[in-house]
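Working notes, beginning with the structure itself.
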Amino acid sequence: MRKALLALLFSFTPLHAAELTLELPGGTRTWDTAALLAHPQAQEVSIADDVSYKKTMRYRAVPLAALLDGVTPAQHLQAVALDGFAAELTAGPLLAADGARAWLAIEDPAQPWPPIAEGKPSAGPFYLVWTDPKAADIGPEQWPFQVARIRYLPSVAERFPALRPASNAAPEVQAGFAQFQKNCLACHRLNGAGDAQFGPDLNIPHNPTEYLAGDFLPRYIRDPQSLRRWPQGKMPGFSKDAISDEQLGQLIGYLKHMAGRKVQP
């Protein structure tokens with residue numbers, strides 16, 4: 001009853017202007033909704049197969065590169081959402097002007113977006129979307145919604161040594177570390193390391209490779225609800241378009257490797 005009442009109240013709550021904070025090498029700047037909607041490079045964009053809405057969507061959006069003053073392709077950024085989701089993003093694809101292109105979609109308070117799902121809010125106030133994402137192998141975790149802050153940070157390996165595999169680890173394990181950063185670190189920590197406040201730690205106290213035997217772990221990653229069904233489950237499935245069988249094998253190889261490198265936080 002309480003959840004139904006909250007959902008009803010939310011549906012009638014007017015959407016107010018929001019603020020996005022950018023913490024970049026040249027300094028910190030805050031943009032509000034009105035300023036972004038009026039940005040000289042703002043335009044209407046059509047996003048096919050939108051990751052959050054599972055259909056074609058149209059947004060008023062600004063090329064993200066236009067907001068990233070002073071950022072270079074080799075640098076690292078993190079997009080932090082209102083719920084603690086923290087997407088780790090190499091700056092290079094975000095700055096690209098062709099191929100896969102990153103856009104900051106802005107929710108207009110006068111024309112609010114629909115809820116992502118029943119009983120949930122929209123993807124606003126700010127949502128990182130992509131045109132032609134397959135051109136740069138952009139995965140679903142690189143589409144953060146409800147973004148509140150984008151900040152420049154050192155790389156994941158620099159910030160969190162406890163995530164690094166052994167220096168002599170096989171190339172497949174090193175590749176799995178890259179897949180972990182791309183697909184898992186936005187929601188999960190490992191060895192207590194990471195900025196996400198969303199999902200459980202994947203090594204402490206136990207690594208999933210220690211309790212999901214056989215093909216259960218890859219099945220769980222592909223379709224969590226097929227293995228463990230519960231109404232509050234939030235983990236999305238990762239299709240073969242999002243992570244190939246080879247990449248999934250690399251990721252699981254990294255997790256197996258890290259099971260032998262536990263570090264108590």
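Residues in the structure tokens are named by chain (A, B, ... in the order shown) and by number from 1 within that chain; ligands are numbered from 1 in the order shown.
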Report task. Mind listing the strand (DSSP E or B) residues of stretch 120-194 of chain A, per DSSP on the backbone, as JSON, numbers by chain? Result -> {"A": [126, 127, 128, 129, 130, 131, 147, 148, 149, 150, 151, 152, 153, 190, 193]}
Requested in this report: Per DSSP on the backbone, filter stretch 31-251 of chain A down to the residues in helix (DSSP H, G or I) and report them as a PyMOL selection string.
Outcome: chain A and resi 33-37+64-67+91-95+133-136+140-142+156-159+161-163+171-183+208-211+216-222+224-227+245-251
Query - Exercise: A:Thr21 partners within 7 Å, only C-alpha atoms, chain neighbours under 2 positions left out, as a list in words - result: Glu19, Glu23, Arg29, Thr30, Trp31, Ala148, Arg149 and Ile150 of chain A
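Proximity to A:Ile47 was assessed for A:Ala81, A:Gly27, A:Gly92, A:Pro133 counting only C-alpha atoms; the smallest distance is recorded for A:Pro133.
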Query raised in the report: Leaving out A:Glu107 and any residue of its chain fewer than 6 positions from it, which residues lie within 8 Å of it when counting only C-alpha atoms, given as a PyMOL selection string?
Result: chain A and resi 33+59-60+113+124-126
Generate a file of the selected residues that holds N, CA, C and O atoms, formatted as an mmCIF file, in the first residue's frame.
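Wrote it out as selection06.cif, contents follow:
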```cif
data_model
loop_
_atom_site.group_PDB
_atom_site.id
_atom_site.type_symbol
_atom_site.label_atom_id
_atom_site.label_comp_id
_atom_site.auth_asym_id
_atom_site.auth_seq_id
_atom_site.Cartn_x
_atom_site.Cartn_y
_atom_site.Cartn_z
ATOM 1 N N THR A 33 19.219 22.772 -15.949
ATOM 2 C CA THR A 33 18.422 22.274 -17.068
ATOM 3 C C THR A 33 18.196 23.340 -18.135
ATOM 4 O O THR A 33 18.375 23.091 -19.333
ATOM 5 N N TYR A 59 15.259 12.901 -28.072
ATOM 6 C CA TYR A 59 15.666 13.740 -26.955
ATOM 7 C C TYR A 59 16.176 15.085 -27.455
ATOM 8 O O TYR A 59 16.707 15.198 -28.567
ATOM 9 N N ARG A 60 16.061 16.094 -26.610
ATOM 10 C CA ARG A 60 16.825 17.327 -26.762
ATOM 11 C C ARG A 60 18.162 17.050 -26.103
ATOM 12 O O ARG A 60 18.222 16.680 -24.913
ATOM 13 N N TRP A 113 9.966 12.927 -19.488
ATOM 14 C CA TRP A 113 10.049 11.617 -20.128
ATOM 15 C C TRP A 113 9.191 10.605 -19.374
ATOM 16 O O TRP A 113 8.872 10.794 -18.189
ATOM 17 N N GLY A 124 15.696 10.716 -16.564
ATOM 18 C CA GLY A 124 16.207 12.062 -16.331
ATOM 19 C C GLY A 124 16.691 12.270 -14.915
ATOM 20 O O GLY A 124 16.639 11.365 -14.085
ATOM 21 N N PRO A 125 17.196 13.447 -14.639
ATOM 22 C CA PRO A 125 17.120 14.651 -15.476
ATOM 23 C C PRO A 125 18.139 14.692 -16.615
ATOM 24 O O PRO A 125 17.947 15.408 -17.580
ATOM 25 N N PHE A 126 19.233 13.917 -16.473
ATOM 26 C CA PHE A 126 20.269 13.891 -17.505
ATOM 27 C C PHE A 126 20.643 12.438 -17.783
ATOM 28 O O PHE A 126 20.767 11.627 -16.869
#
```
Query raised in the report: Which polymer residues have any atom within 10 Å of an atom of stretch 84-90 of chain A, counting only C-alpha atoms, with same-chain residues fewer than 5 positions away left out, as a PyMOL selection string?
Result: chain A and resi 72-79+95+141-153+155-156+181-188+194-199
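Note that the spacing between atom CA of A:Pro40 and atom CA of A:Ser122 amounts to 25.2 Å.
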Query - Nearby residues (only C-alpha atoms) at most 7 Å from A:Ile221, same-chain spacing under 4 positions excluded, as an MDAnalysis selection string - result: chainID A and resid 217 237:238
Query raised in the report: Nearest to A:Arg101 among A:Asp83, A:Asp137, A:Asp32, A:Glu118, with distances taken over only C-alpha atoms: which residue is it?
Result: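 Comparing A:Asp83, A:Asp137, A:Asp32, A:Glu118 against A:Arg101, the winner is A:Asp137.
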Query raised in the report: So, counting only C-alpha atoms, which residue among A:Tyr211, A:Phe216, A:Phe160, A:Phe180 is closest to A:Gly192?
Result: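 Among the listed residues, the smallest separation from A:Gly192 belongs to A:Phe160.
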**Report entry** Surrounding residues of A:Gly253 excluding itself and chain neighbours under 4 positions, 12 Å, only C-alpha atoms, as a list in words
**Finding:** Pro165, Ala169, Ala170, Pro171, Glu172, Val173, Gln174, Ala175, Gly176, Phe177, Ala178, Gln179, Phe180, Asn207, Pro208, Thr209, Leu217, Pro218, Glu246, Gln247, Leu248, Gly249, His257, Met258, Ala259 and Gly260 of chain A
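The space between atom CA of A:His39 and atom CA of A:Thr131 spans 19.2 Å.
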